[in-house]
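> Have a look at the structure that comes next, please.
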Amino acid sequence: MTLNQIIKRLKTICLAHNQIRNFGFGLVQEFLTDKTTLYPSAFLMDSGGQISVQGHLMSFNYRMFFVDLVHVSSDTKANELDVQSDMMSVAADVVTQINNGGYTDWKVSSENSVQLVYEEDGDMYAGVVMDFTI
């Protein structure tokens, strides 16, 4: 698969999820400062890759953000945890779709690390970041 085909398929998978309203690709700084972003949102960032001459294959490393806005209130910390929990479920759903057996033209890493995120940059948002390889 080409890089364009991979990104297009990932976008299609993410936007097919009922909770994802927006998909972006590029530098995370651009995504976080874009005031037109609809939430919940998925954002894909390229993390390099490898070309194996012996294995006759290419591997692409990605970091995908799944984030939503946090409702600011007297219990903001609980709201943050709720958002992180929801976005972890969305990330799990997306990984399941990415690993769909119907896709025979790519192989996705079987172990994908995730970490919880919380940021306050104008908007307060929280979610998860997942690293994976195709």
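Residues in the structure tokens are numbered from 1 in each chain, the chains being A, B, ... in the order shown, and ligands are numbered from 1 in the order shown.
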Near Asn99 (chain A), within 9 Å and counting only C-alpha atoms, which residues show up once chain neighbours fewer than 5 positions away are dropped, as a list in words?
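What passes the distance filter is Val94, Trp106, Lys107, Val108, Ser109 and Ser110 of chain A.
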> Any chance you can output those residues with all heavy atoms as a PDB file, in the first residue's frame?

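To be explicit, this is the file written out as result.pdb:
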```
ATOM      1  N   VAL A  94     -11.204   1.477  17.126  1.00  0.00           N
ATOM      2  CA  VAL A  94     -10.467   1.771  15.893  1.00  0.00           C
ATOM      3  C   VAL A  94      -9.409   0.700  15.639  1.00  0.00           C
ATOM      4  O   VAL A  94      -9.248   0.229  14.506  1.00  0.00           O
ATOM      5  CB  VAL A  94      -9.856   3.192  15.926  1.00  0.00           C
ATOM      6  CG1 VAL A  94      -8.883   3.403  14.778  1.00  0.00           C
ATOM      7  CG2 VAL A  94     -10.973   4.234  15.874  1.00  0.00           C
ATOM      8  N   TRP A 106      -2.423  -5.037   4.382  1.00  0.00           N
ATOM      9  CA  TRP A 106      -1.572  -4.449   5.406  1.00  0.00           C
ATOM     10  C   TRP A 106      -1.604  -5.297   6.653  1.00  0.00           C
ATOM     11  O   TRP A 106      -2.496  -6.119   6.842  1.00  0.00           O
ATOM     12  CB  TRP A 106      -1.924  -3.003   5.694  1.00  0.00           C
ATOM     13  CG  TRP A 106      -3.210  -2.724   6.470  1.00  0.00           C
ATOM     14  CD1 TRP A 106      -4.053  -3.618   7.067  1.00  0.00           C
ATOM     15  CD2 TRP A 106      -3.747  -1.447   6.741  1.00  0.00           C
ATOM     16  NE1 TRP A 106      -5.090  -2.984   7.673  1.00  0.00           N
ATOM     17  CE2 TRP A 106      -4.933  -1.647   7.500  1.00  0.00           C
ATOM     18  CE3 TRP A 106      -3.375  -0.156   6.441  1.00  0.00           C
ATOM     19  CZ2 TRP A 106      -5.727  -0.592   7.940  1.00  0.00           C
ATOM     20  CZ3 TRP A 106      -4.173   0.883   6.879  1.00  0.00           C
ATOM     21  CH2 TRP A 106      -5.320   0.668   7.616  1.00  0.00           C
ATOM     22  N   LYS A 107      -0.595  -5.128   7.463  1.00  0.00           N
ATOM     23  CA  LYS A 107      -0.517  -5.808   8.754  1.00  0.00           C
ATOM     24  C   LYS A 107      -0.213  -4.738   9.787  1.00  0.00           C
ATOM     25  O   LYS A 107       0.673  -3.922   9.604  1.00  0.00           O
ATOM     26  CB  LYS A 107       0.582  -6.867   8.746  1.00  0.00           C
ATOM     27  CG  LYS A 107       0.723  -7.581  10.073  1.00  0.00           C
ATOM     28  CD  LYS A 107       1.167  -8.994   9.891  1.00  0.00           C
ATOM     29  CE  LYS A 107       1.401  -9.679  11.208  1.00  0.00           C
ATOM     30  NZ  LYS A 107       0.253  -9.823  12.060  1.00  0.00           N
ATOM     31  N   VAL A 108      -0.984  -4.760  10.863  1.00  0.00           N
ATOM     32  CA  VAL A 108      -0.843  -3.763  11.919  1.00  0.00           C
ATOM     33  C   VAL A 108      -0.159  -4.410  13.109  1.00  0.00           C
ATOM     34  O   VAL A 108      -0.396  -5.587  13.405  1.00  0.00           O
ATOM     35  CB  VAL A 108      -2.227  -3.200  12.310  1.00  0.00           C
ATOM     36  CG1 VAL A 108      -2.102  -2.160  13.399  1.00  0.00           C
ATOM     37  CG2 VAL A 108      -2.915  -2.613  11.091  1.00  0.00           C
ATOM     38  N   SER A 109       0.679  -3.632  13.779  1.00  0.00           N
ATOM     39  CA  SER A 109       1.379  -4.146  14.959  1.00  0.00           C
ATOM     40  C   SER A 109       0.382  -4.733  15.947  1.00  0.00           C
ATOM     41  O   SER A 109      -0.707  -4.199  16.150  1.00  0.00           O
ATOM     42  CB  SER A 109       2.205  -3.042  15.613  1.00  0.00           C
ATOM     43  OG  SER A 109       1.425  -1.886  15.841  1.00  0.00           O
ATOM     44  N   SER A 110       0.766  -5.853  16.561  1.00  0.00           N
ATOM     45  CA  SER A 110      -0.160  -6.535  17.475  1.00  0.00           C
ATOM     46  C   SER A 110      -0.163  -5.907  18.864  1.00  0.00           C
ATOM     47  O   SER A 110      -1.138  -6.013  19.591  1.00  0.00           O
ATOM     48  CB  SER A 110       0.181  -8.024  17.568  1.00  0.00           C
ATOM     49  OG  SER A 110       1.506  -8.192  18.029  1.00  0.00           O
TER      50      SER A 110
END
```
> What residues in region 46-121 of chain A get the DSSP label strand (DSSP E or B)? Please answer as a PyMOL selection string.
chain A and resi 46-52+57-69+114-121
> Using only C-alpha atoms, find the one residue out of A:Val53, A:Val95, A:Met58, A:Met64 that sits nearest to Phe31 (chain A).
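Between A:Val53, A:Val95, A:Met58, A:Met64, the residue approaching Phe31 (chain A) most closely is A:Met64.
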> Using only C-alpha atoms, which of the listed residues (A:Val129, A:Ala16, A:Met1, A:Leu10) sits closest to Asn112 (chain A)?
A:Val129
> What does the distance between CA of Glu111 (chain A) and CA of Met130 (chain A) come to in Å, to one decimal place?
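Taking CA of Glu111 (chain A) and CA of Met130 (chain A), their separation equals 10.3 Å.
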> To test your reading of the structure, identify every residue in chain A that backbone DSSP assigns to helix (DSSP H, G or I), and report it as a ChimeraX atom specification.
/A:3-16,28-33,76-98
> A:Ala126, A:Leu57, A:Leu27, A:Leu3: which is nearest Leu81 (chain A), counting only C-alpha atoms?
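For Leu81 (chain A), the nearest of the candidates is A:Ala126.
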> Taking 5 positions as the minimum chain separation for residues in the same chain, which residues sit within 8 Å of Ser41 (chain A) when counting only C-alpha atoms? Answer as a CSV table (one decimal) with N, CA and C atoms, in the first residue's frame.

```
chain,number,residue,atom,x,y,z
A,20,ILE,N,-16.5,9.8,16.5
A,20,ILE,CA,-15.4,10.7,15.9
A,20,ILE,C,-16.1,11.6,14.9
A,21,ARG,N,-15.9,12.9,15.1
A,21,ARG,CA,-16.5,13.9,14.2
A,21,ARG,C,-15.5,14.6,13.3
A,22,ASN,N,-14.2,14.4,13.6
A,22,ASN,CA,-13.1,15.0,12.8
A,22,ASN,C,-11.9,14.2,12.7
A,23,PHE,N,-11.2,14.2,11.6
A,23,PHE,CA,-9.9,13.5,11.4
A,23,PHE,C,-8.9,14.4,10.8
A,65,PHE,N,-4.0,10.4,18.0
A,65,PHE,CA,-4.6,11.0,19.2
A,65,PHE,C,-6.1,10.9,19.0
A,66,PHE,N,-6.7,10.5,20.1
A,66,PHE,CA,-8.2,10.4,20.2
A,66,PHE,C,-8.5,11.4,21.4
A,67,VAL,N,-9.1,12.5,21.1
A,67,VAL,CA,-9.3,13.5,22.1
A,67,VAL,C,-10.8,14.1,22.0
A,68,ASP,N,-11.2,14.6,23.2
A,68,ASP,CA,-12.5,15.3,23.3
A,68,ASP,C,-12.4,16.4,24.3
```
> Write out as a list in words each polymer residue whose atoms come within 9 Å of Ile13 (chain A), counting only C-alpha atoms; drop sequence neighbours fewer than 5 positions from it.
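In the requested form, the answer reads Lys8, Val94, Gln97 and Ile98 of chain A.
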> Rank A:Ile51, A:Arg63, A:Ile134, A:Asn4 by their smallest atom-to-atom distance to Tyr103 (chain A), using only C-alpha atoms, and report the top residue only.
A:Ile134
> Of the candidates A:Ser47, A:Val114, A:Phe25, A:Gln19, which one gets nearest to Asp86 (chain A) if we count only C-alpha atoms?
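Checking each of A:Ser47, A:Val114, A:Phe25, A:Gln19 against Asp86 (chain A), counting only C-alpha atoms, the winner is A:Gln19.
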> Of the candidates A:Tyr125, A:Val90, A:Val28, A:Asp131, which one gets nearest to Lys77 (chain A) if we count only C-alpha atoms?
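The answer is A:Tyr125, which sits nearest to Lys77 (chain A).
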> How far is it from CA of Val128 (chain A) to CA of Gly101 (chain A), in Å with one decimal?
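So the answer is 24.8 Å.
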